[in-house]
$ cat final.cif   # mmCIF, C-alpha atoms
data_protein
#
loop_
_atom_site.group_PDB
_atom_site.id
_atom_site.type_symbol
_atom_site.label_atom_id
_atom_site.label_comp_id
_atom_site.auth_asym_id
_atom_site.auth_seq_id
_atom_site.Cartn_x
_atom_site.Cartn_y
_atom_site.Cartn_z
ATOM 1 C CA MET F 294 0.000 0.000 0.000
ATOM 2 C CA LEU F 295 1.433 3.364 -1.012
ATOM 3 C CA ILE F 296 0.294 6.591 0.587
ATOM 4 C CA TYR F 297 1.191 9.832 -1.120
ATOM 5 C CA ASN F 298 2.285 12.872 0.814
ATOM 6 C CA LYS F 299 0.323 15.814 -0.612
ATOM 7 C CA THR F 300 2.225 18.440 1.357
ATOM 8 C CA ASN F 301 5.160 18.746 -1.027
ATOM 9 C CA ILE F 302 6.037 22.410 -1.542
ATOM 10 C CA LYS F 303 5.895 22.260 -5.327
ATOM 11 C CA GLY F 304 2.678 20.255 -5.338
ATOM 12 C CA PHE F 305 4.159 16.980 -6.564
ATOM 13 C CA TYR F 306 3.291 13.685 -4.960
ATOM 14 C CA ASN F 307 6.040 11.848 -3.137
ATOM 15 C CA ASN F 308 6.321 8.139 -3.861
ATOM 16 C CA PHE F 309 7.172 7.236 -0.274
ATOM 17 C CA LEU F 310 5.270 5.242 2.236
ATOM 18 C CA ILE F 311 4.549 7.769 4.952
ATOM 19 C CA LEU F 312 3.293 6.654 8.302
ATOM 20 C CA VAL F 313 1.409 8.801 10.723
ATOM 21 C CA ILE F 314 1.987 8.285 14.431
ATOM 22 C CA GLU F 315 1.929 10.772 17.244
ATOM 23 C CA MET F 316 4.297 13.540 16.350
ATOM 24 C CA CYS F 317 6.480 11.634 13.938
ATOM 25 C CA GLU F 318 7.534 11.121 10.356
ATOM 26 C CA PHE F 319 8.047 7.649 8.915
ATOM 27 C CA LYS F 320 9.257 6.585 5.476
ATOM 28 C CA VAL F 321 10.295 3.280 3.961
ATOM 29 C CA VAL F 322 12.133 3.212 0.648
ATOM 30 C CA THR F 323 13.603 0.286 -1.297
ATOM 31 C CA VAL F 324 17.338 0.532 -1.922
ATOM 32 C CA GLU F 325 18.550 0.132 -5.499
ATOM 33 C CA ARG F 326 22.100 1.256 -4.722
ATOM 34 C CA PRO F 327 24.817 -1.150 -3.485
ATOM 35 C CA ILE F 328 25.279 -1.429 0.285
ATOM 36 C CA ARG F 329 28.736 -1.822 1.840
ATOM 37 C CA GLN F 330 29.196 -5.025 3.800
ATOM 38 C CA ASP F 331 31.112 -3.262 6.560
ATOM 39 C CA SER F 332 28.392 -0.686 7.231
ATOM 40 C CA ASN F 333 28.816 1.842 10.030
ATOM 41 C CA ILE F 334 26.798 3.584 12.707
ATOM 42 C CA VAL F 335 26.859 7.337 12.104
ATOM 43 C CA LEU F 336 25.802 10.311 14.217
ATOM 44 C CA ILE F 337 24.648 13.358 12.248
ATOM 45 C CA ASP F 338 23.325 16.754 13.201
ATOM 46 C CA TYR F 339 19.534 16.852 13.622
ATOM 47 C CA TYR F 340 19.269 19.507 10.900
ATOM 48 C CA ASP F 341 20.909 17.128 8.411
ATOM 49 C CA PHE F 342 18.758 14.239 9.649
ATOM 50 C CA VAL F 343 15.578 16.187 8.866
ATOM 51 C CA LYS F 344 17.010 17.278 5.525
ATOM 52 C CA ILE F 345 17.574 13.647 4.486
ATOM 53 C CA SER F 346 13.831 12.988 4.718
ATOM 54 C CA ASP F 347 13.305 15.275 1.719
ATOM 55 C CA THR F 348 12.165 13.269 -1.297
ATOM 56 C CA LYS F 349 14.978 14.427 -3.566
ATOM 57 C CA ILE F 350 17.720 13.606 -1.076
ATOM 58 C CA MET F 351 16.132 10.277 -0.149
ATOM 59 C CA ASN F 352 15.937 9.323 -3.846
ATOM 60 C CA VAL F 353 19.647 9.983 -4.349
ATOM 61 C CA LEU F 354 20.429 8.018 -1.180
ATOM 62 C CA VAL F 355 18.646 4.882 -2.369
ATOM 63 C CA LYS F 356 19.165 5.065 -6.163
ATOM 64 C CA ASP F 357 22.224 5.443 -8.308
ATOM 65 C CA SER F 358 20.242 7.227 -10.988
ATOM 66 C CA ARG F 359 20.161 10.839 -12.156
ATOM 67 C CA GLU F 360 16.614 10.411 -13.425
ATOM 68 C CA ASN F 361 14.627 13.667 -12.907
ATOM 69 C CA TYR F 362 17.761 15.530 -11.728
ATOM 70 C CA SER F 363 20.192 17.767 -13.494
ATOM 71 C CA LYS F 364 23.711 16.379 -13.429
ATOM 72 C CA SER F 365 24.994 19.142 -11.152
ATOM 73 C CA TYR F 366 22.107 18.851 -8.679
ATOM 74 C CA TYR F 367 22.443 15.069 -8.465
ATOM 75 C CA TYR F 368 26.166 15.315 -7.723
ATOM 76 C CA TYR F 369 25.564 18.155 -5.261
ATOM 77 C CA ILE F 370 23.219 15.884 -3.254
ATOM 78 C CA ARG F 371 25.530 12.894 -3.604
ATOM 79 C CA ASP F 372 28.492 14.942 -2.363
ATOM 80 C CA TYR F 373 26.376 16.122 0.572
ATOM 81 C CA LEU F 374 25.586 12.487 1.512
ATOM 82 C CA ASN F 375 29.286 11.625 1.118
ATOM 83 C CA LYS F 376 30.227 14.467 3.503
ATOM 84 C CA LEU F 377 27.806 13.037 6.057
ATOM 85 C CA ARG F 378 29.488 9.628 5.539
ATOM 86 C CA ILE F 379 26.180 8.031 4.633
ATOM 87 C CA LEU F 380 27.475 7.234 1.151
ATOM 88 C CA LYS F 381 30.996 6.104 0.355
ATOM 89 C CA GLU F 382 32.358 5.073 -3.028
ATOM 90 C CA ASN F 383 28.830 5.291 -4.446
ATOM 91 C CA MET F 384 27.485 2.740 -1.923
ATOM 92 C CA ILE F 385 25.374 3.128 1.194
ATOM 93 C CA ASN F 386 27.900 3.195 4.013
ATOM 94 C CA VAL F 387 25.614 2.927 7.056
ATOM 95 C CA LYS F 388 23.469 0.443 8.895
ATOM 96 C CA LEU F 389 22.225 2.989 11.438
ATOM 97 C CA VAL F 390 22.076 6.774 11.613
ATOM 98 C CA PHE F 391 21.238 8.632 14.820
ATOM 99 C CA PRO F 392 20.563 12.371 14.968
ATOM 100 C CA PHE F 393 22.052 14.614 17.628
ATOM 101 C CA GLU F 394 21.680 18.213 18.684
ATOM 102 C CA LYS F 395 24.402 20.491 20.052
ATOM 103 C CA ALA F 396 23.496 22.133 23.357
ATOM 104 C CA ASN F 397 25.644 23.762 26.026
ATOM 105 C CA GLY F 398 28.897 22.116 25.004
ATOM 106 C CA SER F 399 27.469 18.626 24.557
ATOM 107 C CA LEU F 400 25.768 16.471 21.965
ATOM 108 C CA ASN F 401 22.305 15.218 22.901
ATOM 109 C CA LEU F 402 20.916 12.268 20.983
ATOM 110 C CA LYS F 403 17.478 12.882 19.485
ATOM 111 C CA LYS F 404 14.702 10.308 19.027
ATOM 112 C CA GLY F 405 15.176 9.369 15.410
ATOM 113 C CA ILE F 406 16.740 6.689 13.260
ATOM 114 C CA ILE F 407 17.670 5.776 9.731
ATOM 115 C CA TYR F 408 18.019 2.006 9.519
ATOM 116 C CA VAL F 409 18.999 -0.146 6.544
ATOM 117 C CA THR F 410 17.283 -3.522 6.818
ATOM 118 C CA ASN F 411 18.859 -6.797 5.692
ATOM 119 C CA ASP F 412 16.441 -6.930 2.743
ATOM 120 C CA LYS F 413 17.565 -3.510 1.405
ATOM 121 C CA GLN F 414 14.922 -1.167 2.803
ATOM 122 C CA VAL F 415 15.769 2.243 4.270
ATOM 123 C CA VAL F 416 13.539 2.985 7.242
ATOM 124 C CA TYR F 417 13.384 6.626 8.379
ATOM 125 C CA MET F 418 11.703 7.484 11.688
ATOM 126 C CA ASN F 419 11.743 10.901 13.355
ATOM 127 C CA LEU F 420 9.788 11.043 16.611
ATOM 128 C CA HIS F 421 10.432 14.799 16.975
ATOM 129 C CA SER F 422 8.689 15.748 13.761
ATOM 130 C CA ASN F 423 5.433 17.617 14.147
ATOM 131 C CA VAL F 424 4.332 16.838 10.605
ATOM 132 C CA TYR F 425 1.975 13.995 11.527
ATOM 133 C CA THR F 426 -0.235 13.173 14.496
ATOM 134 C CA ASN F 427 -2.813 10.621 15.665
ATOM 135 C CA CYS F 428 -1.264 7.196 16.031
ATOM 136 C CA GLU F 429 -4.532 5.729 17.300
ATOM 137 C CA ASN F 430 -6.443 6.054 14.005
ATOM 138 C CA CYS F 431 -3.593 5.570 11.559
ATOM 139 C CA ILE F 432 -4.585 3.479 8.547
ATOM 140 C CA VAL F 433 -1.029 2.245 7.945
ATOM 141 C CA LYS F 434 -0.314 1.163 11.504
ATOM 142 C CA PRO F 435 0.376 -2.434 10.305
ATOM 143 C CA PHE F 436 3.307 -1.139 8.209
ATOM 144 C CA CYS F 437 4.648 0.775 11.172
ATOM 145 C CA THR F 438 4.545 -2.210 13.488
ATOM 146 C CA TYR F 439 5.915 -4.508 10.761
ATOM 147 C CA TYR F 440 9.049 -2.405 10.214
ATOM 148 C CA LEU F 441 9.456 -1.804 13.929
ATOM 149 C CA ALA F 442 9.318 -5.562 14.555
ATOM 150 C CA LYS F 443 11.790 -6.099 11.690
ATOM 151 C CA ILE F 444 14.284 -3.645 13.246
ATOM 152 C CA VAL F 445 13.794 -5.144 16.729
ATOM 153 C CA GLY F 446 14.348 -8.663 15.342
ATOM 154 C CA GLU F 447 17.369 -7.827 13.180
ATOM 155 C CA SER F 448 18.987 -5.891 16.042
ATOM 156 C CA ARG F 449 18.109 -8.590 18.602
ATOM 157 C CA LEU F 450 16.537 -6.100 20.983
ATOM 158 C CA LYS F 451 14.680 -7.453 23.982
ATOM 159 C CA ILE F 452 11.614 -5.242 23.760
ATOM 160 C CA GLY F 453 8.039 -5.903 22.747
ATOM 161 C CA VAL F 454 6.137 -4.139 19.994
ATOM 162 C CA ASN F 455 2.979 -2.397 21.180
ATOM 163 C CA LYS F 456 0.649 -2.652 18.192
ATOM 164 C CA GLY F 457 -1.866 -0.328 19.854
ATOM 165 C CA ASN F 458 0.645 2.484 20.308
ATOM 166 C CA PRO F 459 3.647 1.932 18.038
ATOM 167 C CA GLY F 460 5.016 5.405 18.826
ATOM 168 C CA GLU F 461 5.806 4.250 22.355
ATOM 169 C CA SER F 462 7.517 1.120 21.020
ATOM 170 C CA TRP F 463 9.541 3.167 18.506
ATOM 171 C CA ASP F 464 10.738 5.321 21.392
ATOM 172 C CA LYS F 465 11.874 2.236 23.329
ATOM 173 C CA ALA F 466 13.514 0.671 20.257
ATOM 174 C CA ILE F 467 15.433 3.841 19.380
ATOM 175 C CA SER F 468 16.549 4.249 23.009
ATOM 176 C CA SER F 469 17.687 0.603 23.095
ATOM 177 C CA LEU F 470 19.640 0.959 19.843
ATOM 178 C CA GLN F 471 21.255 4.165 21.057
ATOM 179 C CA SER F 472 22.213 2.478 24.334
ATOM 180 C CA LYS F 473 23.593 -0.508 22.442
ATOM 181 C CA TYR F 474 25.735 1.466 19.971
ATOM 182 C CA VAL F 475 26.381 4.817 21.658
ATOM 183 C CA LYS F 476 27.768 4.479 25.156
ATOM 184 C CA SER F 477 26.559 7.860 26.442
ATOM 185 C CA LYS F 478 23.349 9.797 25.836
ATOM 186 C CA VAL F 479 25.250 13.079 26.263
ATOM 187 C CA ILE F 480 28.670 13.469 24.698
ATOM 188 C CA GLU F 481 30.785 16.266 26.177
ATOM 189 C CA LEU F 482 32.670 18.456 23.712
ATOM 190 C CA PRO F 483 36.052 19.983 24.497
ATOM 191 C CA PRO F 484 36.066 23.793 24.670
ATOM 192 C CA SER F 485 36.774 25.521 21.363
ATOM 193 C CA VAL F 486 40.276 26.857 20.964
#

$ encode --input "final.cif" --output "structure tokens"
Amino acid sequence: MLIYNKTNIKGFYNNFLILVIEMCEFKVVTVERPIRQDSNIVLIDYYDFVKISDTKIMNVLVKDSRENYSKSYYYYIRDYLNKLRILKENMINVKLVFPFEKANGSLNLKKGIIYVTNDKQVVYMNLHSNVYTNCENCIVKPFCTYYLAKIVGESRLKIGVNKGNPGESWDKAISSLQSKYVKSKVIELPPSV
């Protein structure tokens, strides 16, 4: 089932599965680009994390095709993803991406994730987004719980999936993954010289 986001600025429809849960944004996109076997876990600034959810950037992330892009714009986006270390040598270089925010000399992890599944799907979840609301009446809740369960299973997390309120389960899953791969929730930065 494909749901089209009709809020695109230029009025075009996005071909992304978009899930509506309480205060979140959810997308699942099939990867057509090669994925590195030695994928990494990457922390990126929250601003960049939100920017990646844009349809044009997400398309370049998952496809090695300049279709519907000028050559310069395609390479501009690809270079941007390379700078973030999400792409490397024209392949997806990550398994997990966590967003962070700089505050008072430290980095605070935000509730969000980009996850590349074993069957080549990119799952984007941002629990801080205020784009969508109302998890209770969401018509695509089965997709949400399916991909949440897939991430929990692939990552071997010991948490349950609440099918009635998947937003709560996403919060627990993201926290568990952050605890598993990032040793501290707040990372102190040295003073600037």

$ resolve_selection --input "final.cif" --expression "the PyMOL selection byres ((chain F and resi 406-409) around 7)" --output "PyMOL selection string"
chain F and resi 388-391+405+410-411+413-419+467

$ closest_residue --input "final.cif" --among "F:Ser422, F:Asn455, F:Ser346, F:Asn375" --to "Cys437 of chain F" --atoms "only C-alpha atoms"
F:Asn455

$ closest_residue --input "final.cif" --among "F:Val353, F:Ala396, F:Ala466, F:Cys317" --to "Gly446 of chain F" --atoms "all atoms listed in the file"
F:Ala466

$ closest_residue --input "final.cif" --among "F:Asp357, F:Glu318, F:Leu336, F:Ile452" --to "Asn401 of chain F" --atoms "only C-alpha atoms"
F:Leu336

$ closest_residue --input "final.cif" --among "F:Ile385, F:Ile379, F:Leu450, F:Leu400" --to "Val335 of chain F" --atoms "only C-alpha atoms"
F:Ile379

$ resolve_selection --input "final.cif" --expression "the PyMOL selection byres ((chain F and resi 367) around 12)" --output "list in words"
Lys349, Ile350, Met351, Asn352, Val353, Leu354, Lys356, Asp357, Ser358, Arg359, Glu360, Asn361, Tyr362, Ser363, Lys364, Ser365, Tyr366, Tyr368, Tyr369, Ile370, Arg371, Asp372, Tyr373 and Leu374 of chain F

$ residues_around --input "final.cif" --residues "Asn386 of chain F" --least-positions-apart "4" --cutoff "6 Å" --atoms "only C-alpha atoms" --output "ChimeraX atom specification"
/F:329,332,379-381

$ closest_atom_pairs --input "final.cif" --of "segment 360-459 of chain F" --to "segment 337-343 of chain F" --cutoff "7 Å" --atoms "all atoms listed in the file" --output "Markdown table"
| residue | atom | partner | partner_atom | distance |
| --- | --- | --- | --- | --- |
| F:Leu377 | CA | F:Ile337 | CA | 7.0 |
| F:Phe391 | CA | F:Ile337 | CA | 6.4 |
| F:Pro392 | CA | F:Tyr339 | CA | 4.8 |
| F:Phe393 | CA | F:Asp338 | CA | 5.1 |
| F:Glu394 | CA | F:Tyr339 | CA | 5.7 |

$ atom_distance --input "final.cif" --atom1 "atom CA of Cys428 of chain F" --atom2 "atom CA of Val454 of chain F"
14.1 Å

$ closest_residue --input "final.cif" --among "F:Met384, F:Val322, F:Ile345, F:Leu402" --to "Lys476 of chain F" --atoms "only C-alpha atoms"
F:Leu402

$ atom_distance --input "final.cif" --atom1 "atom CA of Glu325 of chain F" --atom2 "atom CA of Val355 of chain F"
5.7 Å

$ atom_distance --input "final.cif" --atom1 "atom CA of Val387 of chain F" --atom2 "atom CA of Tyr439 of chain F"
21.4 Å
